[in-house]
Structures are given as structure tokens and as C-alpha cells.
Amino acid sequence: MSDDLRSAVAAGVLGAETNYRELLQSIVEVARAIFRAKASSIFLLDEESDELVFEAVAGEGSESLVGRRFPSSTGIAGFVLVSRQPLVIEDVLEDPRFSRETAESTGFVPKGLMAVPLLHEELALGVLEVLDRPSDARFTLEEMDLLGLFAGQAAIALDLLQRARRAQATLDDSGELAVLARVAQKLEQRRDEGGAALALLSALERVLE
Amino acid sequence: MTEEPLPAWSLSAGGVERIALPEAWPGEVTREWAWGGATGAGVRVCILDSGVETNHPLVGEVQQSVAISIEGDEVGVEEHDTAGDLCGHGTACAGIVRALAPESELASVRVLGAGFTGSGQVLLEGLRWAVEQGYDVINMSLSTTKQKFASLLHQLADSAYFRRTMLVASAHNMPVESYPWRFSSVISVGSHDQPDPFAYFYNPTPPVEFFARGVDVEVAWTGGGRLVCTGNSFATPHIAGIAALMLSKHRELTPFQLKSLLYLTASNVGGGA
């Protein structure tokens, strides 16, 4: 808990979740553009409920998907998560692992996809998928490496997002610390004129010692 | 092989005769010598994965189907698993082994399919069970990143190695530590993009030791289907299948010798000729 508190205050955690979500969104947008794909998504594993949650979506179906959940053993994303192995499938409609029902409920049924686990330190945090690359382009191992690089970036962003959420939850449970965090955030926002406020806080700290 | 095991720590008087190898290797080891005319007959290959669909046209008969589960602290072993393949991945791996070593015996040990929670533990227990059965080859197209399982997996991998079970494991193409492919007592496999199923390359800069076919591979899938897939998952059973061929022709090979034979016959060593 103390680590979470420290990081909460230090990072000025209020508002951090929004920033990390923007980072995730940026990653799927770039992945979609680089692979010239129709869509790209990042799923987060919610370990408590054993579910995968759409955290960021670019392209087809992006409007309504963020926040939707499905069981962690569902579909290709679920399989990639458990096996820790990236996978590329050229014709997903032939693949029984691909949960057509889930895909149709999202309003977009892809033909081919690439899926890679998001691994951070020893944890599998989620899955990155890239859907429907151009059908005339043969998949290459260079693209697999590129996918791995995106996965590394996305895993770091997911980790930051989860830390921010835990820190936020800790603050929500602790009134006084929430005040401190808000002060830290305001100082961060007004960095130019923060000198005087910091001096005041330092003086206060000395008085309390 | 000797009738009585020699002490592991020394070679006493007269010991040299007792460790005489049953078969001399030729001066130049060729693929013809390594597996020419072999079918995989008599070799038991275990697919540690999501299950295998029996009687799939590309897989044929599966001699044994087992499922591993964890309930609380209890490990469950269902020795007559009828669930088949819960996602297709194991069937794909089995089909590749069957294509290369058509008369090998296939066994399925299912460790996937029950959701994410506890998957590392199930993997570990599945491997433990498989090593105890003394299979000749275990194909593991999956891994765990959980550090707490690393040392136990390492012990299991070494124990397999000393019991003449060759563990063939998929490497990761991401900069993350995962197991058991990183251990030197297993054969680790990554992908190359050539279409020849018998093209494989030794990597002089490990930890990945061999590259086998892993791009655009047509594989067996559930429901009697086929798919075109890419990934190290599909490169691994190519090496497992070739290992089964070698073992069916040279039953006495230890994992060390098997690895050496794979090296000597690799496409970038002596096998390209």
C-alpha cells in the first residue's frame, strides 16, 4: 500500500488514467496505420473476474467497444493470453477458436488477424490484436518482430494504466491523502508559479517535524 | 547401453568397455544416415497443449488423451479425456508431427482451455506428468512467464533430459523471459519463412537453438478443418517430428546425441547438401 501511496502522490495521479488511455489509443492507431489494417484493439486482463476488457480500439467498431468484456478463455485473444505465444491467422472464419458470436456483437467480423500477448515482467497483462491486413500482402517475420515491438509498448502503457487505477483507488479510500495528491497535481499543472507554493509546503513540513 | 548403471561420477577399471556405444557414427553424418527410411514407428510423442482432435484426417489415431486440472491445491489427472481439442492449437501441432513422422505414436496432454487463472500451474503439472510417463519427445508450443515456476520447470526439463525424453519448446520472439524454452536441456525453436518442412537451421547465437518452418503453415484444426497459420508454435512440432524420425531409426540416442544430430544435419551445417 505504501508504494501505491507514494506513486499516487508523486505522479499526481489524478488525471493520469486519462493520459494513459490516450497513450493506449495512440498505440492502436499507429499499429493500424503501420500494418494498413482495418482495425486494432488492446484487451486488458481483469484477473479478478477472469475477463478480457476492450481498453482501446482503432478503426472498425471503435465507437462502442471500449469497456466491453468477455471471458478470458474466449476467442483468439484468450488463447494467445494463456499460451503466451503470438499467432497469425490468415482466414479467421475457418477458425473455431474465433468466436464469431463475439465478433458479430462488436459489429465487425474480420477475415484475418494477428494477436500478441502483452507481457510485462512476468505478468500477461492483456492482448494486442491487429485485424484485416491488406489481403494481397503475405505475412512476413519482419512484421512479427514489429508486432512484438508494439506489444512491448502496449504492455508498458497497460501497466501504467493499471498502476494509475490502483493509486486512484487507494486515494479514493483515503481522504487526507487525496487532498495531498490534489495539491501535488495543482503544483504540477502550475509548474511556472509553483516555486512559492513549494517553499510554503517545505516550511510547513519543517513546522510539522 | 550398459546392463547395470555405472557410477555417475567416475569411470572405473574396465569401464570403457561398458560404455561402448551401440552404434558408431559415420565420419560424415548425413540426413540419410540420420533418418533415411524412418517413419517414426515405435516413438512416443506427447503434445502438451490444448488437446488433440482424434481421427482428424491430418492427425489420425491419438493413442492417449489426458487432461490436467487444478482444484484448489489438488492436481487432477483425467486419463481418458474425451473433450478433444478446446481450441485447435494442439491438433495443429499433432498434425505437423504426424505429417513428418507418420507412424509415430501420439499422446495428448491437455493443459489449456480452462480459462486464464492458474494456467502456469496447470502447465507445470502437465509437464511433470508427461515427464513421468517417459515419452520419447514432448512438444511444448507454449510457455509461462511466471518466475515462481521457473526453477521447478528447470528441474523437470533436466529430469526429462536425463531420462531420455527430449523436450522441444517454442521460443518467444519478444524480449521477455519465459520458460521452459530458455533452458539448455530443451531444444528451443523459432521460425523461418521457407516452405520446406525439412528445412531447419542451427542458430549459433542461442538461446534459440533451431529455426524451423513457421510462416504460412497449413495446419489441422478442430472439426476436421485446416487453417493457414504463422508462429513459433508451428515451427516447434516440425523439429519434434524430425526428432521422432531420428529416434525411430536410432533408438539409443540420448537428448545430447539427438541435439548433436540435429545440429550436424541442419540446413546451414551439413544437411543442406
# chains A, B, ... in the order shown; residues from 1 in each chain; ligands from 1
call {"tool": "residues_around", "arguments": {"residues": "Thr254 in chain B", "least_positions_apart": "4", "cutoff": "9 Å", "atoms": "only C-alpha atoms", "output": "PDB file with N, CA and C atoms, in the first residue's frame"}}
result
ATOM      1  N   TYR B 161      15.666 -34.611 -19.561  1.00  0.00           N
ATOM      2  CA  TYR B 161      16.912 -34.766 -20.322  1.00  0.00           C
ATOM      3  C   TYR B 161      17.663 -36.021 -19.880  1.00  0.00           C
ATOM      4  N   PHE B 162      17.754 -36.241 -18.578  1.00  0.00           N
ATOM      5  CA  PHE B 162      18.490 -37.412 -18.076  1.00  0.00           C
ATOM      6  C   PHE B 162      17.716 -38.712 -18.250  1.00  0.00           C
ATOM      7  N   ARG B 163      16.395 -38.597 -18.434  1.00  0.00           N
ATOM      8  CA  ARG B 163      15.576 -39.807 -18.628  1.00  0.00           C
ATOM      9  C   ARG B 163      15.321 -40.087 -20.102  1.00  0.00           C
ATOM     10  N   ARG B 164      16.071 -39.431 -20.962  1.00  0.00           N
ATOM     11  CA  ARG B 164      15.947 -39.636 -22.414  1.00  0.00           C
ATOM     12  C   ARG B 164      14.610 -39.197 -22.972  1.00  0.00           C
ATOM     13  N   THR B 165      14.063 -38.151 -22.403  1.00  0.00           N
ATOM     14  CA  THR B 165      12.871 -37.538 -23.002  1.00  0.00           C
ATOM     15  C   THR B 165      13.304 -36.199 -23.573  1.00  0.00           C
ATOM     16  N   MET B 166      13.098 -36.016 -24.882  1.00  0.00           N
ATOM     17  CA  MET B 166      13.522 -34.750 -25.499  1.00  0.00           C
ATOM     18  C   MET B 166      12.367 -33.762 -25.463  1.00  0.00           C
ATOM     19  N   LEU B 258      20.891 -36.526 -29.738  1.00  0.00           N
ATOM     20  CA  LEU B 258      19.821 -36.092 -30.645  1.00  0.00           C
ATOM     21  C   LEU B 258      20.037 -34.635 -31.067  1.00  0.00           C
ATOM     22  N   LYS B 259      20.382 -33.810 -30.101  1.00  0.00           N
ATOM     23  CA  LYS B 259      20.652 -32.401 -30.401  1.00  0.00           C
ATOM     24  C   LYS B 259      21.853 -32.295 -31.333  1.00  0.00           C
TER      25      LYS B 259
END
call {"tool": "interface_residues", "arguments": {"of": "chain B", "to": "chain A", "cutoff": "9 Å", "atoms": "only C-alpha atoms", "output": "ChimeraX atom specification"}}
result
/B:49,86-89,112-117,119-120,141-147,170-178,191-193,215-216,221-223,225-233
call {"tool": "select_by_dssp", "arguments": {"residues": "range 36-155 of chain B", "states": "alpha helix (DSSP H)", "output": "PyMOL selection string"}}
result
chain B and resi 89-100+119-133+150-155
call {"tool": "write_last_selection", "arguments": {"atoms": "N, CA and C atoms", "output": "mmCIF file, in the first residue's frame"}}
result
data_model
loop_
_atom_site.group_PDB
_atom_site.id
_atom_site.type_symbol
_atom_site.label_atom_id
_atom_site.label_comp_id
_atom_site.auth_asym_id
_atom_site.auth_seq_id
_atom_site.Cartn_x
_atom_site.Cartn_y
_atom_site.Cartn_z
ATOM 1 N N HIS B 89 -5.246 -25.549 -31.392
ATOM 2 C CA HIS B 89 -3.783 -25.390 -31.396
ATOM 3 C C HIS B 89 -3.062 -26.733 -31.260
ATOM 4 N N GLY B 90 -3.529 -27.582 -30.355
ATOM 5 C CA GLY B 90 -2.897 -28.887 -30.141
ATOM 6 C C GLY B 90 -3.065 -29.788 -31.354
ATOM 7 N N THR B 91 -4.233 -29.720 -31.974
ATOM 8 C CA THR B 91 -4.491 -30.507 -33.188
ATOM 9 C C THR B 91 -3.543 -30.075 -34.298
ATOM 10 N N ALA B 92 -3.316 -28.763 -34.392
ATOM 11 C CA ALA B 92 -2.385 -28.230 -35.400
ATOM 12 C C ALA B 92 -0.986 -28.818 -35.181
ATOM 13 N N CYS B 93 -0.529 -28.811 -33.935
ATOM 14 C CA CYS B 93 0.809 -29.333 -33.624
ATOM 15 C C CYS B 93 0.886 -30.827 -33.916
ATOM 16 N N ALA B 94 -0.152 -31.573 -33.517
ATOM 17 C CA ALA B 94 -0.168 -33.025 -33.737
ATOM 18 C C ALA B 94 -0.131 -33.336 -35.235
ATOM 19 N N GLY B 95 -0.866 -32.570 -36.022
ATOM 20 C CA GLY B 95 -0.909 -32.794 -37.478
ATOM 21 C C GLY B 95 0.460 -32.609 -38.114
ATOM 22 N N ILE B 96 1.220 -31.642 -37.613
ATOM 23 C CA ILE B 96 2.565 -31.397 -38.162
ATOM 24 C C ILE B 96 3.484 -32.577 -37.821
ATOM 25 N N VAL B 97 3.428 -33.051 -36.571
ATOM 26 C CA VAL B 97 4.256 -34.210 -36.185
ATOM 27 C C VAL B 97 3.869 -35.415 -37.044
ATOM 28 N N ARG B 98 2.568 -35.620 -37.214
ATOM 29 C CA ARG B 98 2.083 -36.763 -37.988
ATOM 30 C C ARG B 98 2.564 -36.686 -39.445
ATOM 31 N N ALA B 99 2.566 -35.479 -40.004
ATOM 32 C CA ALA B 99 2.983 -35.323 -41.409
ATOM 33 C C ALA B 99 4.453 -35.710 -41.579
ATOM 34 N N LEU B 100 5.264 -35.394 -40.570
ATOM 35 C CA LEU B 100 6.697 -35.668 -40.699
ATOM 36 C C LEU B 100 7.063 -37.084 -40.253
ATOM 37 N N SER B 119 -3.131 -20.963 -15.100
ATOM 38 C CA SER B 119 -2.625 -21.651 -16.284
ATOM 39 C C SER B 119 -1.167 -22.078 -16.131
ATOM 40 N N GLY B 120 -0.350 -21.265 -15.432
ATOM 41 C CA GLY B 120 1.055 -21.620 -15.248
ATOM 42 C C GLY B 120 1.207 -22.894 -14.436
ATOM 43 N N GLN B 121 0.394 -23.020 -13.408
ATOM 44 C CA GLN B 121 0.430 -24.205 -12.543
ATOM 45 C C GLN B 121 0.001 -25.457 -13.314
ATOM 46 N N VAL B 122 -1.029 -25.320 -14.150
ATOM 47 C CA VAL B 122 -1.515 -26.465 -14.927
ATOM 48 C C VAL B 122 -0.436 -26.916 -15.912
ATOM 49 N N LEU B 123 0.223 -25.937 -16.506
ATOM 50 C CA LEU B 123 1.308 -26.226 -17.441
ATOM 51 C C LEU B 123 2.414 -27.036 -16.746
ATOM 52 N N LEU B 124 2.786 -26.573 -15.568
ATOM 53 C CA LEU B 124 3.834 -27.236 -14.795
ATOM 54 C C LEU B 124 3.434 -28.672 -14.454
ATOM 55 N N GLU B 125 2.222 -28.847 -13.957
ATOM 56 C CA GLU B 125 1.776 -30.187 -13.562
ATOM 57 C C GLU B 125 1.645 -31.095 -14.780
ATOM 58 N N GLY B 126 1.213 -30.534 -15.893
ATOM 59 C CA GLY B 126 1.108 -31.316 -17.133
ATOM 60 C C GLY B 126 2.474 -31.802 -17.579
ATOM 61 N N LEU B 127 3.460 -30.935 -17.485
ATOM 62 C CA LEU B 127 4.815 -31.329 -17.878
ATOM 63 C C LEU B 127 5.348 -32.390 -16.923
ATOM 64 N N ARG B 128 5.083 -32.199 -15.629
ATOM 65 C CA ARG B 128 5.539 -33.183 -14.643
ATOM 66 C C ARG B 128 4.974 -34.570 -14.978
ATOM 67 N N TRP B 129 3.682 -34.591 -15.270
ATOM 68 C CA TRP B 129 3.025 -35.864 -15.578
ATOM 69 C C TRP B 129 3.634 -36.480 -16.841
ATOM 70 N N ALA B 130 3.846 -35.643 -17.843
ATOM 71 C CA ALA B 130 4.369 -36.141 -19.124
ATOM 72 C C ALA B 130 5.781 -36.697 -18.960
ATOM 73 N N VAL B 131 6.603 -36.023 -18.165
ATOM 74 C CA VAL B 131 7.980 -36.497 -17.965
ATOM 75 C C VAL B 131 7.961 -37.854 -17.250
ATOM 76 N N GLU B 132 7.038 -37.987 -16.273
ATOM 77 C CA GLU B 132 6.935 -39.266 -15.549
ATOM 78 C C GLU B 132 6.557 -40.421 -16.477
ATOM 79 N N GLN B 133 5.834 -40.118 -17.543
ATOM 80 C CA GLN B 133 5.397 -41.193 -18.459
ATOM 81 C C GLN B 133 6.525 -41.680 -19.366
ATOM 82 N N ALA B 150 9.781 -21.085 -12.597
ATOM 83 C CA ALA B 150 10.989 -21.276 -13.399
ATOM 84 C C ALA B 150 11.874 -22.382 -12.847
ATOM 85 N N SER B 151 12.121 -22.388 -11.518
ATOM 86 C CA SER B 151 13.081 -23.366 -11.023
ATOM 87 C C SER B 151 12.498 -24.780 -11.073
ATOM 88 N N LEU B 152 11.183 -24.901 -10.821
ATOM 89 C CA LEU B 152 10.564 -26.234 -10.921
ATOM 90 C C LEU B 152 10.574 -26.730 -12.366
ATOM 91 N N LEU B 153 10.285 -25.818 -13.291
ATOM 92 C CA LEU B 153 10.322 -26.201 -14.706
ATOM 93 C C LEU B 153 11.731 -26.606 -15.116
ATOM 94 N N HIS B 154 12.703 -25.887 -14.554
ATOM 95 C CA HIS B 154 14.096 -26.196 -14.866
ATOM 96 C C HIS B 154 14.444 -27.612 -14.399
ATOM 97 N N GLN B 155 14.027 -27.940 -13.173
ATOM 98 C CA GLN B 155 14.275 -29.292 -12.652
ATOM 99 C C GLN B 155 13.606 -30.345 -13.532
#
call {"tool": "residues_around", "arguments": {"residues": "Ala157 in chain A", "least_positions_apart": "3", "cutoff": "12 Å", "atoms": "only C-alpha atoms", "output": "VMD selection string"}}
result
chain A and resid 16 to 28 42 to 44 55 to 56 118 to 120 125 to 126 128 150 to 154 160 to 164
call {"tool": "atom_distance", "arguments": {"atom1": "CA of Arg133 in chain A", "atom2": "CA of Val217 in chain B"}}
result
17.8 Å
call {"tool": "atom_distance", "arguments": {"atom1": "CA of Gly112 in chain A", "atom2": "CA of Ala39 in chain A"}}
result
10.9 Å
call {"tool": "atom_distance", "arguments": {"atom1": "CA of Val77 in chain B", "atom2": "CA of Trp181 in chain B"}}
result
24.2 Å
call {"tool": "residues_around", "arguments": {"residues": "Glu103 in chain B", "least_positions_apart": "4", "cutoff": "7 Å", "atoms": "only C-alpha atoms", "output": "list in words"}}
result
Thr39, Gly40 and Ala41 of chain B
call {"tool": "write_last_selection", "arguments": {"atoms": "C-alpha atoms", "output": "short mmCIF file (atom, residue, chain, number, x, y, z; two decimals), in the first residue's frame"}}
result
data_model
loop_
_atom_site.label_atom_id
_atom_site.label_comp_id
_atom_site.auth_asym_id
_atom_site.auth_seq_id
_atom_site.Cartn_x
_atom_site.Cartn_y
_atom_site.Cartn_z
CA THR B 39 8.69 -43.38 -40.22
CA GLY B 40 8.65 -42.53 -36.54
CA ALA B 41 7.47 -46.08 -35.74
#
call {"tool": "residues_around", "arguments": {"residues": "Ala33 in chain A", "least_positions_apart": "3", "cutoff": "12 Å", "atoms": "only C-alpha atoms", "output": "PyMOL selection string"}}
result
chain A and resi 26-30+36-40+58-59+130-134
call {"tool": "write_last_selection", "arguments": {"atoms": "N, CA and C atoms", "output": "PDB file, in the first residue's frame"}}
result
ATOM      1  N   SER A  26      -3.340   5.844 -28.830  1.00  0.00           N
ATOM      2  CA  SER A  26      -2.334   6.219 -29.818  1.00  0.00           C
ATOM      3  C   SER A  26      -1.614   4.979 -30.349  1.00  0.00           C
ATOM      4  N   ILE A  27      -1.354   4.023 -29.481  1.00  0.00           N
ATOM      5  CA  ILE A  27      -0.658   2.798 -29.917  1.00  0.00           C
ATOM      6  C   ILE A  27      -1.503   2.016 -30.922  1.00  0.00           C
ATOM      7  N   VAL A  28      -2.790   1.850 -30.644  1.00  0.00           N
ATOM      8  CA  VAL A  28      -3.610   1.092 -31.605  1.00  0.00           C
ATOM      9  C   VAL A  28      -3.793   1.855 -32.910  1.00  0.00           C
ATOM     10  N   GLU A  29      -3.839   3.184 -32.827  1.00  0.00           N
ATOM     11  CA  GLU A  29      -3.959   3.981 -34.069  1.00  0.00           C
ATOM     12  C   GLU A  29      -2.706   3.785 -34.930  1.00  0.00           C
ATOM     13  N   VAL A  30      -1.548   3.838 -34.284  1.00  0.00           N
ATOM     14  CA  VAL A  30      -0.294   3.692 -35.034  1.00  0.00           C
ATOM     15  C   VAL A  30      -0.164   2.267 -35.579  1.00  0.00           C
ATOM     16  N   ARG A  36      -1.444  -1.187 -42.105  1.00  0.00           N
ATOM     17  CA  ARG A  36      -2.501  -0.891 -43.086  1.00  0.00           C
ATOM     18  C   ARG A  36      -3.715  -1.798 -42.835  1.00  0.00           C
ATOM     19  N   ALA A  37      -4.068  -1.911 -41.567  1.00  0.00           N
ATOM     20  CA  ALA A  37      -5.147  -2.828 -41.178  1.00  0.00           C
ATOM     21  C   ALA A  37      -6.467  -2.068 -41.025  1.00  0.00           C
ATOM     22  N   LYS A  38      -7.559  -2.835 -40.951  1.00  0.00           N
ATOM     23  CA  LYS A  38      -8.867  -2.194 -40.792  1.00  0.00           C
ATOM     24  C   LYS A  38      -9.121  -1.791 -39.347  1.00  0.00           C
ATOM     25  N   ALA A  39      -8.535  -2.536 -38.428  1.00  0.00           N
ATOM     26  CA  ALA A  39      -8.789  -2.217 -37.017  1.00  0.00           C
ATOM     27  C   ALA A  39      -7.667  -2.768 -36.148  1.00  0.00           C
ATOM     28  N   SER A  40      -7.589  -2.243 -34.945  1.00  0.00           N
ATOM     29  CA  SER A  40      -6.633  -2.757 -33.969  1.00  0.00           C
ATOM     30  C   SER A  40      -7.211  -2.533 -32.575  1.00  0.00           C
ATOM     31  N   ALA A  58      -9.032   1.016 -32.413  1.00  0.00           N
ATOM     32  CA  ALA A  58      -8.891   1.945 -33.540  1.00  0.00           C
ATOM     33  C   ALA A  58      -9.556   1.326 -34.751  1.00  0.00           C
ATOM     34  N   GLY A  59     -10.230   2.130 -35.555  1.00  0.00           N
ATOM     35  CA  GLY A  59     -10.825   1.631 -36.790  1.00  0.00           C
ATOM     36  C   GLY A  59     -12.213   1.065 -36.572  1.00  0.00           C
ATOM     37  N   VAL A 130      -4.413  -7.031 -34.275  1.00  0.00           N
ATOM     38  CA  VAL A 130      -4.477  -6.215 -35.489  1.00  0.00           C
ATOM     39  C   VAL A 130      -5.315  -7.000 -36.492  1.00  0.00           C
ATOM     40  N   LEU A 131      -6.400  -6.391 -36.956  1.00  0.00           N
ATOM     41  CA  LEU A 131      -7.374  -7.131 -37.765  1.00  0.00           C
ATOM     42  C   LEU A 131      -7.352  -6.702 -39.227  1.00  0.00           C
ATOM     43  N   ASP A 132      -7.404  -7.693 -40.089  1.00  0.00           N
ATOM     44  CA  ASP A 132      -7.521  -7.471 -41.538  1.00  0.00           C
ATOM     45  C   ASP A 132      -6.437  -6.590 -42.114  1.00  0.00           C
ATOM     46  N   ARG A 133      -5.249  -7.173 -42.235  1.00  0.00           N
ATOM     47  CA  ARG A 133      -4.215  -6.524 -43.041  1.00  0.00           C
ATOM     48  C   ARG A 133      -4.651  -6.615 -44.496  1.00  0.00           C
ATOM     49  N   PRO A 134      -3.997  -5.876 -45.415  1.00  0.00           N
ATOM     50  CA  PRO A 134      -4.387  -5.976 -46.825  1.00  0.00           C
ATOM     51  C   PRO A 134      -4.253  -7.434 -47.289  1.00  0.00           C
TER      52      PRO A 134
END
call {"tool": "closest_residue", "arguments": {"among": "B:Ser69, B:Asn139, B:Thr265, B:Ser248", "to": "Ser188 in chain B", "atoms": "only C-alpha atoms"}}
result
B:Asn139
